[in-house]
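See below for entry.txt, which holds compact mmCIF, C-alpha atoms.
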# COMPACT_ATOMS: atom_id res chain seq x y z
CA MET A 1 25.51 -6.18 12.77
CA GLY A 2 26.43 -6.29 9.09
CA GLY A 3 28.64 -9.12 7.90
CA TYR A 4 28.67 -10.76 11.34
CA VAL A 5 24.89 -11.24 11.30
CA ARG A 6 24.91 -12.27 7.63
CA ASP A 7 27.56 -14.95 8.16
CA ALA A 8 25.86 -16.19 11.34
CA LEU A 9 22.60 -16.66 9.43
CA LEU A 10 24.48 -18.50 6.66
CA GLY A 11 26.36 -20.70 9.12
CA ARG A 12 29.67 -19.36 7.85
CA PRO A 13 32.76 -18.83 10.02
CA ILE A 14 32.59 -15.60 11.99
CA HIS A 15 35.48 -13.16 11.80
CA ASP A 16 34.92 -9.50 12.61
CA VAL A 17 32.36 -8.51 15.20
CA ASP A 18 30.88 -5.03 14.66
CA LEU A 19 28.60 -3.38 17.22
CA ALA A 20 26.49 -0.21 16.97
CA THR A 21 25.13 2.06 19.67
CA ASP A 22 23.30 5.35 20.13
CA LEU A 23 26.02 6.47 22.56
CA SER A 24 28.85 8.75 21.47
CA TRP A 25 32.26 7.22 20.93
CA THR A 26 33.66 9.21 23.88
CA THR A 27 31.04 7.76 26.20
CA VAL A 28 31.73 4.24 24.91
CA ALA A 29 35.50 4.68 25.26
CA GLY A 30 35.16 6.00 28.80
CA ALA A 31 32.94 3.11 29.88
CA PHE A 32 35.30 0.45 28.54
CA LYS A 33 38.39 2.13 29.93
CA GLN A 34 36.73 2.25 33.34
CA ALA A 35 36.00 -1.48 32.98
CA GLY A 36 39.69 -2.15 32.25
CA TRP A 37 39.35 -2.91 28.54
CA LYS A 38 41.88 -1.65 26.02
CA THR A 39 40.45 0.89 23.57
CA VAL A 40 41.85 2.10 20.24
CA GLU A 41 40.58 5.20 18.45
CA THR A 42 40.48 3.58 15.02
CA GLY A 43 37.92 5.83 13.34
CA VAL A 44 36.64 8.40 15.78
CA GLN A 45 35.98 10.89 12.95
CA HIS A 46 33.23 8.48 11.95
CA GLY A 47 32.29 7.59 15.52
CA THR A 48 34.16 4.28 15.63
CA ILE A 49 36.42 2.88 18.31
CA THR A 50 37.87 -0.58 18.77
CA VAL A 51 37.86 -2.33 22.12
CA VAL A 52 40.03 -5.34 22.76
CA ASN A 53 39.23 -8.16 25.15
CA GLU A 54 41.66 -11.08 25.54
CA GLY A 55 43.22 -10.17 22.20
CA GLU A 56 39.87 -10.13 20.37
CA PRO A 57 38.99 -6.75 18.74
CA PHE A 58 35.43 -5.43 18.57
CA GLU A 59 34.48 -2.35 16.56
CA ILE A 60 31.80 -0.16 18.12
CA THR A 61 30.26 2.63 16.05
CA THR A 62 27.76 5.29 16.95
CA TYR A 63 24.62 5.25 14.81
CA ARG A 64 25.27 7.58 11.91
CA CYS A 65 24.04 8.98 8.63
CA ASP A 66 26.55 9.64 5.84
CA GLY A 67 26.61 12.76 3.74
CA THR A 68 27.76 13.02 0.12
CA TYR A 69 30.83 11.09 -1.12
CA SER A 70 32.77 13.57 -3.24
CA ASP A 71 35.89 11.36 -3.32
CA GLY A 72 33.97 8.21 -4.21
CA ARG A 73 34.99 6.50 -1.00
CA HIS A 74 34.55 8.51 2.22
CA PRO A 75 31.50 10.53 3.25
CA ASP A 76 32.17 14.27 3.34
CA THR A 77 30.15 14.56 6.52
CA VAL A 78 28.87 12.18 9.17
CA THR A 79 25.93 13.05 11.40
CA PRO A 80 24.53 11.05 14.31
CA ALA A 81 21.47 8.93 13.64
CA SER A 82 18.78 8.32 16.20
CA THR A 83 17.94 4.71 15.30
CA ILE A 84 19.67 1.59 14.06
CA GLU A 85 17.32 1.57 11.07
CA GLU A 86 18.70 4.93 9.94
CA ASP A 87 22.23 3.61 10.32
CA LEU A 88 21.50 0.49 8.27
CA ARG A 89 20.12 2.60 5.44
CA ARG A 90 23.67 3.62 4.43
CA ARG A 91 24.82 0.00 3.91
CA ASP A 92 25.66 -1.39 0.49
CA PHE A 93 23.55 -4.55 0.18
CA THR A 94 20.46 -5.75 1.98
CA MET A 95 22.21 -8.85 3.30
CA ASN A 96 24.71 -6.54 4.99
CA ALA A 97 22.01 -4.20 6.32
CA LEU A 98 21.13 -6.57 9.17
CA ALA A 99 21.53 -6.16 12.90
CA TYR A 100 20.73 -8.23 15.95
CA HIS A 101 19.56 -7.05 19.36
CA PRO A 102 19.46 -9.43 22.35
CA GLU A 103 15.89 -8.35 23.14
CA ARG A 104 14.49 -7.14 19.80
CA GLY A 105 15.99 -9.99 17.81
CA LEU A 106 16.82 -9.62 14.13
CA ILE A 107 16.51 -6.09 12.77
CA ASP A 108 15.94 -6.23 9.03
CA PRO A 109 14.39 -3.07 7.59
CA PHE A 110 15.27 -3.80 3.94
CA GLY A 111 14.45 -7.48 3.44
CA GLY A 112 17.98 -8.78 3.80
CA LEU A 113 16.91 -12.08 5.36
CA GLU A 114 14.52 -12.82 2.51
CA ASP A 115 17.26 -11.99 0.00
CA LEU A 116 19.64 -14.32 1.83
CA GLN A 117 17.07 -17.10 1.74
CA ARG A 118 16.46 -16.48 -1.96
CA GLY A 119 20.20 -16.27 -2.64
CA VAL A 120 19.96 -12.78 -4.14
CA LEU A 121 22.35 -9.85 -3.77
CA ARG A 122 20.47 -6.54 -3.88
CA CYS A 123 21.49 -2.99 -3.09
CA VAL A 124 19.91 -1.02 -0.29
CA GLY A 125 17.88 1.67 -2.04
CA ASP A 126 18.99 2.97 -5.42
CA PRO A 127 21.96 0.96 -6.78
CA MET A 128 23.36 3.87 -8.81
CA THR A 129 23.50 5.95 -5.63
CA ARG A 130 25.19 3.18 -3.66
CA PHE A 131 27.87 2.70 -6.34
CA SER A 132 28.46 6.43 -6.81
CA GLU A 133 29.15 6.68 -3.07
CA ASP A 134 31.87 4.03 -3.25
CA ALA A 135 32.62 2.31 -6.55
CA LEU A 136 34.43 -0.52 -4.80
CA ARG A 137 30.96 -1.82 -3.94
CA ILE A 138 30.77 -2.92 -7.58
CA LEU A 139 33.66 -5.33 -7.06
CA ARG A 140 32.30 -6.27 -3.63
CA ALA A 141 29.15 -7.47 -5.40
CA CYS A 142 31.27 -9.62 -7.71
CA ARG A 143 33.16 -10.95 -4.69
CA PHE A 144 29.99 -11.86 -2.78
CA ALA A 145 28.72 -13.70 -5.87
CA SER A 146 31.93 -15.73 -5.88
CA GLN A 147 32.14 -16.32 -2.13
CA LEU A 148 28.46 -16.93 -1.34
CA GLY A 149 27.09 -18.23 -4.63
CA VAL A 150 24.34 -15.60 -4.68
CA ALA A 151 22.70 -14.30 -7.83
CA ILE A 152 22.92 -10.56 -8.42
CA ASP A 153 19.58 -8.79 -8.63
CA PRO A 154 19.04 -7.63 -12.24
CA VAL A 155 18.54 -3.96 -11.30
CA THR A 156 21.68 -4.05 -9.17
CA PHE A 157 23.65 -5.72 -11.97
CA GLU A 158 22.51 -3.17 -14.56
CA ALA A 159 23.77 -0.44 -12.25
CA MET A 160 27.08 -2.26 -11.83
CA VAL A 161 27.62 -2.31 -15.58
CA ALA A 162 26.52 1.31 -15.97
CA SER A 163 28.74 2.47 -13.09
CA LYS A 164 31.86 0.41 -13.69
CA ASN A 165 33.72 3.42 -15.08
CA LEU A 166 33.72 4.79 -11.52
CA LEU A 167 36.24 2.09 -10.62
CA ARG A 168 38.85 4.41 -12.13
CA LYS A 169 38.64 6.34 -8.84
CA VAL A 170 39.45 3.31 -6.69
CA SER A 171 43.02 2.62 -5.60
CA GLY A 172 44.89 -0.36 -6.96
CA GLU A 173 45.33 -1.74 -3.45
CA ARG A 174 41.57 -1.88 -2.83
CA ILE A 175 40.91 -3.37 -6.27
CA TYR A 176 43.54 -6.05 -5.79
CA ARG A 177 42.15 -7.11 -2.41
CA GLU A 178 38.65 -7.55 -3.81
CA LEU A 179 39.86 -9.39 -6.90
CA GLU A 180 41.86 -11.86 -4.84
CA ARG A 181 38.84 -12.59 -2.67
CA PHE A 182 36.85 -12.99 -5.87
CA VAL A 183 39.19 -15.50 -7.51
CA CYS A 184 39.40 -17.53 -4.28
CA GLY A 185 35.63 -17.84 -3.93
CA ASP A 186 33.83 -21.18 -3.73
CA TYR A 187 31.58 -20.24 -6.67
CA VAL A 188 34.16 -18.56 -8.88
CA HIS A 189 33.04 -20.25 -12.11
CA ASP A 190 29.50 -18.91 -11.99
CA ALA A 191 30.64 -15.52 -10.71
CA LEU A 192 33.26 -15.07 -13.44
CA MET A 193 30.81 -15.99 -16.18
CA THR A 194 28.23 -13.59 -14.73
CA CYS A 195 30.50 -10.67 -13.85
CA VAL A 196 33.03 -10.70 -16.70
CA ASP A 197 31.66 -7.53 -18.30
CA VAL A 198 32.05 -5.70 -14.99
CA LEU A 199 35.47 -7.16 -14.14
CA ALA A 200 36.72 -6.27 -17.61
CA PHE A 201 37.04 -2.64 -16.54
CA VAL A 202 39.89 -3.58 -14.17
CA LEU A 203 40.98 -6.72 -16.05
CA PRO A 204 40.47 -5.78 -19.72
CA GLU A 205 42.44 -8.87 -20.74
CA LEU A 206 39.26 -10.86 -20.02
CA VAL A 207 37.45 -9.29 -22.96
CA ALA A 208 39.35 -11.23 -25.62
CA MET A 209 38.73 -14.49 -23.75
CA LYS A 210 34.95 -14.10 -23.84
CA ASN A 211 33.40 -15.89 -26.81
CA CYS A 212 36.84 -16.94 -28.06
CA PRO A 213 36.13 -20.46 -29.35
CA GLN A 214 38.52 -23.38 -29.09
CA VAL A 215 37.87 -25.32 -32.28
CA THR A 216 39.65 -28.51 -31.32
CA LYS A 217 38.53 -31.90 -30.13
CA TYR A 218 40.14 -31.29 -26.76
CA HIS A 219 37.79 -28.48 -25.77
CA ILE A 220 34.05 -27.95 -25.38
CA TYR A 221 34.18 -24.43 -23.86
CA ASP A 222 35.41 -21.08 -25.10
CA VAL A 223 38.57 -19.72 -23.49
CA LEU A 224 36.71 -17.79 -20.78
CA GLU A 225 34.49 -20.63 -19.59
CA HIS A 226 37.36 -23.11 -19.75
CA THR A 227 39.32 -20.71 -17.57
CA ALA A 228 36.38 -20.33 -15.19
CA TRP A 229 36.20 -24.10 -14.76
CA VAL A 230 39.97 -24.37 -14.22
CA CYS A 231 39.65 -21.77 -11.45
CA GLN A 232 36.75 -23.71 -9.95
CA HIS A 233 38.69 -26.98 -9.94
CA THR A 234 41.84 -25.61 -8.27
CA PRO A 235 42.31 -25.25 -4.50
CA PRO A 236 41.05 -21.84 -3.31
CA GLU A 237 44.52 -20.44 -2.66
CA PRO A 238 45.84 -17.22 -4.24
CA LEU A 239 48.72 -18.79 -6.19
CA GLN A 240 46.64 -21.58 -7.68
CA ARG A 241 43.67 -19.37 -8.51
CA TRP A 242 45.69 -16.56 -10.11
CA CYS A 243 47.64 -19.12 -12.19
CA ALA A 244 44.33 -20.66 -13.24
CA LEU A 245 42.92 -17.29 -14.27
CA PHE A 246 46.04 -16.37 -16.26
CA HIS A 247 47.08 -19.73 -17.71
CA ASP A 248 45.26 -19.45 -21.06
CA MET A 249 44.89 -15.68 -21.23
CA GLY A 250 47.26 -15.61 -24.23
CA LYS A 251 45.17 -17.97 -26.35
CA PRO A 252 43.15 -15.34 -28.22
CA ALA A 253 46.38 -13.65 -29.37
CA ALA A 254 48.06 -16.95 -30.31
CA ALA A 255 45.09 -18.51 -32.12
CA PHE A 256 45.34 -19.55 -35.75
CA PHE A 257 43.61 -22.12 -37.95
CA GLU A 258 45.16 -24.97 -39.87
CA GLY A 259 42.30 -26.19 -42.00
CA VAL A 260 39.33 -26.53 -39.65
CA VAL A 261 41.42 -27.05 -36.51
CA GLU A 262 42.42 -24.15 -34.29
CA HIS A 263 45.85 -24.03 -32.67
CA PHE A 264 47.30 -21.89 -29.89
CA TYR A 265 51.04 -22.54 -30.22
CA GLY A 266 53.08 -20.33 -27.93
CA HIS A 267 50.08 -19.19 -25.92
CA ALA A 268 51.82 -19.87 -22.59
CA ALA A 269 54.48 -17.24 -23.33
CA VAL A 270 51.80 -14.71 -24.25
CA SER A 271 49.89 -15.60 -21.10
CA VAL A 272 53.01 -14.93 -19.03
CA SER A 273 53.40 -11.53 -20.64
CA LEU A 274 49.78 -10.60 -19.95
CA ALA A 275 49.96 -11.90 -16.38
CA GLU A 276 53.11 -9.92 -15.67
CA GLY A 277 51.44 -6.79 -17.03
CA ILE A 278 48.44 -7.25 -14.75
CA MET A 279 50.58 -8.00 -11.72
CA HIS A 280 52.58 -4.81 -12.21
CA ARG A 281 49.51 -2.72 -12.99
CA LEU A 282 47.89 -3.84 -9.76
CA PRO A 283 49.90 -4.13 -6.52
CA PHE A 284 50.35 -7.90 -6.42
CA PRO A 285 52.76 -9.02 -3.69
CA ALA A 286 56.29 -9.76 -4.82
CA TRP A 287 55.99 -13.50 -4.15
CA LEU A 288 53.09 -13.82 -6.59
CA ARG A 289 54.90 -11.75 -9.22
CA ARG A 290 57.79 -14.21 -8.80
CA ASP A 291 55.89 -17.52 -8.78
CA VAL A 292 52.86 -17.04 -11.05
CA PRO A 293 54.86 -16.66 -14.32
CA VAL A 294 56.80 -19.85 -13.58
CA ILE A 295 53.63 -21.94 -13.36
CA VAL A 296 51.83 -20.22 -16.25
CA ARG A 297 54.87 -20.77 -18.47
CA ALA A 298 55.06 -24.48 -17.56
CA HIS A 299 51.35 -25.34 -17.32
CA ASP A 300 51.13 -26.87 -20.81
CA ASP A 301 54.47 -28.69 -20.76
CA VAL A 302 54.20 -32.44 -21.07
CA VAL A 303 55.60 -34.22 -18.01
CA PRO A 304 55.48 -38.03 -18.42
CA ALA A 305 54.57 -39.91 -15.27
CA ASN A 306 58.05 -41.30 -14.54
CA PRO A 307 60.67 -40.32 -11.96
CA ARG A 308 63.15 -38.95 -14.51
CA ALA A 309 60.64 -36.57 -16.03
CA VAL A 310 59.50 -35.39 -12.61
CA ARG A 311 63.07 -34.76 -11.49
CA ARG A 312 63.79 -32.83 -14.68
CA MET A 313 60.76 -30.62 -14.15
CA LEU A 314 61.81 -30.09 -10.55
CA GLY A 315 65.17 -28.94 -11.85
CA ARG A 316 63.44 -26.45 -14.14
CA LEU A 317 61.51 -25.20 -11.13
CA ASN A 318 64.80 -24.62 -9.27
CA GLY A 319 63.99 -27.44 -6.89
CA ARG A 320 60.77 -25.79 -5.70
CA THR A 321 58.67 -28.77 -4.68
CA ASP A 322 55.87 -26.43 -3.62
CA LEU A 323 55.66 -25.09 -7.18
CA PHE A 324 55.57 -28.62 -8.54
CA GLU A 325 52.53 -29.29 -6.32
CA VAL A 326 50.86 -26.16 -7.71
CA LEU A 327 51.69 -27.29 -11.25
CA CYS A 328 49.96 -30.59 -10.50
CA ASP A 329 46.92 -28.67 -9.24
CA ILE A 330 46.74 -26.66 -12.47
CA LYS A 331 47.27 -29.70 -14.72
CA ARG A 332 44.55 -31.60 -12.88
CA ALA A 333 42.09 -28.71 -13.12
CA ASP A 334 42.99 -28.13 -16.79
CA ALA A 335 42.17 -31.74 -17.63
CA LEU A 336 38.84 -31.61 -15.79
CA SER A 337 37.89 -28.46 -17.72
CA GLN A 338 38.36 -29.81 -21.24
CA ALA A 339 36.37 -32.32 -23.28
CA PRO A 340 35.12 -35.31 -21.22
CA PHE A 341 37.60 -37.73 -22.80
CA CYS A 342 40.45 -35.60 -21.39
CA ALA A 343 39.34 -36.10 -17.78
CA PRO A 344 41.62 -39.13 -17.19
CA ARG A 345 44.58 -36.76 -17.56
CA ALA A 346 43.66 -35.51 -14.11
CA GLU A 347 44.78 -38.90 -12.82
CA VAL A 348 48.16 -38.36 -14.49
CA ALA A 349 48.53 -35.14 -12.52
CA GLU A 350 47.95 -37.08 -9.32
CA GLU A 351 50.49 -39.71 -10.44
CA LEU A 352 53.02 -36.90 -10.86
CA ARG A 353 52.26 -35.74 -7.34
CA GLU A 354 52.76 -39.25 -5.97
CA LEU A 355 56.05 -39.54 -7.86
CA LEU A 356 57.18 -36.27 -6.30
CA HIS A 357 56.47 -37.60 -2.83
CA GLN A 358 58.35 -40.81 -3.61
CA ILE A 359 61.35 -38.83 -4.90
CA LEU A 360 61.39 -36.79 -1.70
CA GLU A 361 61.14 -39.94 0.38
CA ASP A 362 64.01 -41.52 -1.55
CA GLN A 363 66.04 -38.31 -1.31
CA ALA A 364 66.80 -38.55 -5.01
CA ALA A 365 68.70 -35.59 -6.46
CA PHE A 366 66.84 -33.16 -8.67
CA SER A 367 68.88 -29.98 -8.21
CA VAL A 368 72.56 -29.07 -8.43
CA LYS A 369 72.55 -28.30 -4.71
CA GLN A 370 71.79 -31.94 -3.97
CA LEU A 371 74.79 -33.30 -5.88
CA ALA A 372 77.61 -34.96 -3.99
CA VAL A 373 79.99 -32.46 -5.65
CA ASN A 374 80.00 -28.68 -5.79
CA GLY A 375 81.66 -25.84 -7.64
CA ARG A 376 84.88 -26.08 -5.63
CA ASP A 377 85.27 -29.71 -6.67
CA ILE A 378 84.89 -28.75 -10.32
CA MET A 379 87.38 -25.87 -10.05
CA ALA A 380 89.84 -28.26 -8.38
CA LEU A 381 89.89 -30.08 -11.72
CA GLY A 382 91.31 -26.94 -13.32
CA VAL A 383 88.09 -25.33 -14.52
CA GLU A 384 88.15 -21.53 -14.36
CA PRO A 385 85.47 -19.91 -12.19
CA GLY A 386 82.48 -18.86 -14.28
CA PRO A 387 79.71 -20.32 -16.43
CA ALA A 388 81.77 -23.43 -17.30
CA VAL A 389 81.54 -24.60 -13.69
CA GLY A 390 77.74 -24.36 -13.73
CA ALA A 391 77.55 -26.11 -17.09
CA ILE A 392 79.56 -29.08 -15.83
CA LEU A 393 77.48 -29.31 -12.64
CA GLN A 394 74.34 -29.31 -14.78
CA SER A 395 75.81 -32.14 -16.89
CA CYS A 396 76.49 -34.03 -13.66
CA LEU A 397 72.88 -33.54 -12.57
CA ASP A 398 71.56 -34.68 -15.95
CA ALA A 399 73.69 -37.81 -15.69
CA VAL A 400 72.39 -38.52 -12.19
CA ILE A 401 68.76 -37.98 -13.22
CA ASP A 402 69.24 -40.27 -16.23
CA GLU A 403 70.80 -42.82 -13.85
CA HIS A 404 74.01 -42.92 -15.88
CA VAL A 405 76.09 -41.92 -12.85
CA PRO A 406 75.33 -42.48 -9.15
CA ASN A 407 75.16 -39.42 -6.93
CA GLU A 408 78.48 -40.23 -5.30
CA ARG A 409 81.44 -37.89 -5.06
CA GLU A 410 84.14 -40.00 -6.72
CA ALA A 411 81.85 -41.16 -9.52
CA LEU A 412 80.79 -37.59 -10.25
CA ILE A 413 84.38 -36.29 -10.21
CA ASP A 414 85.35 -38.99 -12.72
CA PHE A 415 82.35 -38.00 -14.83
CA ALA A 416 83.21 -34.29 -14.62
CA ARG A 417 86.85 -35.01 -15.54
CA GLY A 418 85.57 -36.80 -18.62
CA GLN A 419 83.65 -33.65 -19.62
CA LEU A 420 86.95 -31.78 -19.85
CA THR A 421 88.48 -33.98 -22.53

Show this structure as C-alpha cells.
Amino acid sequence: MGGYVRDALLGRPIHDVDLATDLSWTTVAGAFKQAGWKTVETGVQHGTITVVNEGEPFEITTYRCDGTYSDGRHPDTVTPASTIEEDLRRRDFTMNALAYHPERGLIDPFGGLEDLQRGVLRCVGDPMTRFSEDALRILRACRFASQLGVAIDPVTFEAMVASKNLLRKVSGERIYRELERFVCGDYVHDALMTCVDVLAFVLPELVAMKNCPQVTKYHIYDVLEHTAWVCQHTPPEPLQRWCALFHDMGKPAAAFFEGVVEHFYGHAAVSVSLAEGIMHRLPFPAWLRRDVPVIVRAHDDVVPANPRAVRRMLGRLNGRTDLFEVLCDIKRADALSQAPFCAPRAEVAEELRELLHQILEDQAAFSVKQLAVNGRDIMALGVEPGPAVGAILQSCLDAVIDEHVPNEREALIDFARGQLT
C-alpha cells in the first residue's frame, strides 16, 4: 500500500514494503513469531509492527483512523478502522492513498491512479486539514514535485502557501531530510520555480533570488532560475546539489550597476556566508558543512585548462581530488545555465576533469604531502620549527608545479637552501 503501490505503478525502484490488515498487531506478531519470523514492535501504539525475513523488513499496520493532531505531527488518538478504505482516508495525497489486494486488485477510493496518469499531486480530502495535521506534508508535496515531476493541484498549492507558517512547528531534522530529497530530485528546476514561495518559509534566502535580474550578456535568467538550471544540470548527489543551490545566493546582496551593466563582484564570499548560516540553522551533517563552503567559494574562480592551473587549484583544495571533481560538475552546470554562447565553457570543465585524471595517472605532485622532502628536511637546514617551515615547503611545491624544480629530494633541498639566503 501507499508509496510501494505508487512506485510500482510508476515503474520506479521499490524500497519500503508496507502492509495493512484488519487484524490487531498482537495477533499479527503472534502469527509471525509462530512461523519463525523476527518481529520488532516499531510502532505498536499506532498498531504497527515490523517483521523481518532474510534481512528484509516489512511494516504491517492494523487498519486505523487518526484523531486530532494537536502537536502538528502525531495523532492524539488512534482507533481501529473496519476497512482499508477508511484507513486510506487519512493519507496525505491521492497517489499515496492506494492499496493492492491479491484478489481485489488495485484499491483506489480517491482517484490516485487517475492523478498519477495525469501527473497531478492532490491532497486526500481538504488540503488545509491535511496540512494542519502534519505541516511536513507541505514540504513532502514540494519533494514529490521534484522527484516525480508531477504538477501540484491548484487547490492543494493554495493550501500549501496559506499553511506554510505551520512549518514553524516542524523539527529541523525533518525539514532537512525533505529539503535534501527535494534538491536531489530529477525535476528540481521545475519544482524550485513552482515551489519557491513555499520553500521560502524554511529557506528565506531564496526570496531575494526571485526576480533578481542579471543584466549582463552572460545571463538570460534571473538569479533564481539560473540557480534552478544549475541544480538541474548537476549530478543528483547532496554535495553537488547543495553547492548548486547556494553558489549564487549572494548575488542579490553583491549586485551593483556600472552604467547599464550589472556586476556581482564578491558574490561568492556572500554566498558562502549565507550557505554557512543555512547549514547551521538546519542540521546539515558535518561533512557538508565542511565541504560546501569550499566549492561555493571557488565556483567562480578561473582555472585555465592546463596542468599547472589544475595542480594549483588542487593545492587550494588541500589535495581533495573528489572536491575538484565536484567543482568541475558545478562549473559545467553553471556554463550550461547561462546565455547560449557560454555553453562551450562546459567543455572546458570536462577538459579540467581529464587533466585531473592525467595528473593522477602521472602521479604529479599537487600537495605538500607529495613532495620528496618534508618538514624534518627543512628543519635540518637550520630552520626553526613553525610557520617558516610550511612557507618553505609551499615555495618548494610552487616550484615543482611551475616545473622550475623536479620533485626530487636533492634538488628540492638545494632549492630550499637557496630560500634561506

Check your understanding: So how many Å separate CA of Thr21 in chain A and CA of Arg6 in chain A, to one decimal?
Key ->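 The value is 18.7 Å.
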
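Take CA of Phe144 in chain A and CA of Phe182 in chain A: the distance between them is 7.6 Å.
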
**Study point:** Residue nearest Phe366 in chain A among A:Arg332, A:Arg12, A:Arg417, A:Arg311 (counting only C-alpha atoms)
**Key:**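 The shortest atom-to-atom distance to Phe366 in chain A comes from A:Arg311.
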
Practice item. Tell me, as number ranges by chain, which residues lie within 10 Å of Leu245 in chain A, counting only C-alpha atoms; anything in the same chain fewer than 5 positions away does not count. Key: A: 183, 192, 206, 224, 226-232, 240, 271, 275, 296

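Those residues that approach range 122-138 of chain A to within 7 Å, counting only C-alpha atoms, are Tyr69, Gly72, Arg73, Arg89, Arg91, Asp92, Phe93, Thr94, Phe110, Cys142, Ile152, Asp153, Thr156, Ala159, Met160, Ser163, Leu166, Leu167 and Val170 of chain A; same-chain residues fewer than 4 positions away are not listed.
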
Practice item. Around the point (21.8, -13.1, -2.7), in the coordinates given by the file, pick out the residues reaching within 10 Å, counting only C-alpha atoms, and return them as a count of residues only. Key: 23

Review point. Which of these residues is nearest to Arg90 in chain A, using only C-alpha atoms: A:Ile14, A:Glu103, A:Pro109, A:Asn53?
Key: A:Pro109

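Minimum atom-to-atom distances from A:Val326, A:Ala365, A:Ala162, A:Leu282 to Glu237 in chain A were compared using all atoms listed in the file, and the lowest value belongs to A:Val326.
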
Review point. Of the residues A:Glu347, A:Glu403, A:Glu59, A:Glu408, which is the one nearest to Gly43 in chain A, using all atoms listed in the file?
Key: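 Nearest candidate to Gly43 in chain A out of A:Glu347, A:Glu403, A:Glu59, A:Glu408: A:Glu59.
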
Practice item. Rounded to one decimal place, report the CA of Ala349 in chain A-CA of Ala333 in chain A distance in Å. Key: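 Spanning CA of Ala349 in chain A to CA of Ala333 in chain A is a straight-line distance of 9.1 Å.
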
Revision key, fill the gap. Across A:Asp190, A:Ala20, A:His280, A:Phe58, the smallest distance to Trp37 in chain A, with only C-alpha atoms counted, is shown by A:Phe58

Check your understanding: Restricting the calculation to all atoms listed in the file, which member of A:Pro406, A:Arg316, A:Val272, A:Pro80 is positioned closest to Ala364 in chain A?
Key -> A:Pro406

**Study point:** For Thr216 in chain A: contacts at 12 Å, all atoms listed in the file, fewer than 6 positions along chain excluded, given as an NGL selection string
**Key:** :A and (222-223 or 255-264 or 338-339)

Exercise for review: Show which residues sit within 10 Å of Ser146 in chain A, as a list in words. Count all atoms listed in the file, and ignore same-chain residues fewer than 6 positions away.
Suggested key: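 Once the adjacent positions are removed, what remains is Arg140, Arg181, Phe182, Val183, Cys184, Gly185, Asp186, Tyr187, Val188, His189, Asp190, Ala191, Leu192, Thr194 and Cys195 of chain A.
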
Give the centre and edge lengths of an axis-aligned box, in Å to one decimal, that holds all listed atoms of range 337-344 of chain A with 3 Å on each side, as AutoDock Vina command-line options.
--center_x 38.4 --center_y -33.8 --center_z -20.2 --size_x 12.5 --size_y 16.7 --size_z 12.1

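Once Val17 in chain A and its same-chain neighbours fewer than 4 positions away are set aside, Met1, Gly2, Gly3, Tyr4, Val5, Glu56, Pro57, Phe58, Glu59 and Ile60 of chain A remain within 10 Å of it when counting only C-alpha atoms.
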
Quick one: range 80-90 of chain A with N, CA, C and O atoms, as a PDB file, in the first residue's frame?
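Written file, decode-v8.pdb:
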ATOM      1  N   PRO A  80      -9.220   1.741  15.722  1.00  0.00           N
ATOM      2  CA  PRO A  80      -9.240   0.760  14.631  1.00  0.00           C
ATOM      3  C   PRO A  80     -10.272   1.140  13.574  1.00  0.00           C
ATOM      4  O   PRO A  80     -11.334   1.685  13.878  1.00  0.00           O
ATOM      5  N   ALA A  81      -9.931   0.863  12.335  1.00  0.00           N
ATOM      6  CA  ALA A  81     -10.868   1.044  11.227  1.00  0.00           C
ATOM      7  C   ALA A  81     -11.325  -0.331  10.751  1.00  0.00           C
ATOM      8  O   ALA A  81     -10.624  -1.327  10.923  1.00  0.00           O
ATOM      9  N   SER A  82     -12.478  -0.373  10.160  1.00  0.00           N
ATOM     10  CA  SER A  82     -13.024  -1.664   9.742  1.00  0.00           C
ATOM     11  C   SER A  82     -12.676  -2.014   8.307  1.00  0.00           C
ATOM     12  O   SER A  82     -12.742  -3.188   7.911  1.00  0.00           O
ATOM     13  N   THR A  83     -12.277  -1.015   7.504  1.00  0.00           N
ATOM     14  CA  THR A  83     -11.979  -1.278   6.097  1.00  0.00           C
ATOM     15  C   THR A  83     -10.697  -0.570   5.678  1.00  0.00           C
ATOM     16  O   THR A  83     -10.279   0.414   6.304  1.00  0.00           O
ATOM     17  N   ILE A  84     -10.105  -1.055   4.595  1.00  0.00           N
ATOM     18  CA  ILE A  84      -8.911  -0.415   4.061  1.00  0.00           C
ATOM     19  C   ILE A  84      -9.236   0.971   3.534  1.00  0.00           C
ATOM     20  O   ILE A  84      -8.413   1.894   3.610  1.00  0.00           O
ATOM     21  N   GLU A  85     -10.455   1.160   3.020  1.00  0.00           N
ATOM     22  CA  GLU A  85     -10.844   2.470   2.513  1.00  0.00           C
ATOM     23  C   GLU A  85     -10.823   3.522   3.613  1.00  0.00           C
ATOM     24  O   GLU A  85     -10.380   4.654   3.387  1.00  0.00           O
ATOM     25  N   GLU A  86     -11.281   3.150   4.806  1.00  0.00           N
ATOM     26  CA  GLU A  86     -11.226   4.083   5.936  1.00  0.00           C
ATOM     27  C   GLU A  86      -9.783   4.417   6.289  1.00  0.00           C
ATOM     28  O   GLU A  86      -9.451   5.563   6.608  1.00  0.00           O
ATOM     29  N   ASP A  87      -8.920   3.421   6.235  1.00  0.00           N
ATOM     30  CA  ASP A  87      -7.506   3.639   6.555  1.00  0.00           C
ATOM     31  C   ASP A  87      -6.864   4.584   5.542  1.00  0.00           C
ATOM     32  O   ASP A  87      -6.102   5.479   5.910  1.00  0.00           O
ATOM     33  N   LEU A  88      -7.181   4.401   4.268  1.00  0.00           N
ATOM     34  CA  LEU A  88      -6.566   5.224   3.222  1.00  0.00           C
ATOM     35  C   LEU A  88      -7.023   6.684   3.302  1.00  0.00           C
ATOM     36  O   LEU A  88      -6.329   7.581   2.816  1.00  0.00           O
ATOM     37  N   ARG A  89      -8.151   6.919   3.927  1.00  0.00           N
ATOM     38  CA  ARG A  89      -8.686   8.275   4.004  1.00  0.00           C
ATOM     39  C   ARG A  89      -7.763   9.220   4.776  1.00  0.00           C
ATOM     40  O   ARG A  89      -7.789  10.433   4.593  1.00  0.00           O
ATOM     41  N   ARG A  90      -6.917   8.675   5.660  1.00  0.00           N
ATOM     42  CA  ARG A  90      -6.040   9.519   6.477  1.00  0.00           C
ATOM     43  C   ARG A  90      -4.730   9.854   5.768  1.00  0.00           C
ATOM     44  O   ARG A  90      -3.895  10.575   6.307  1.00  0.00           O
TER      45      ARG A  90
END
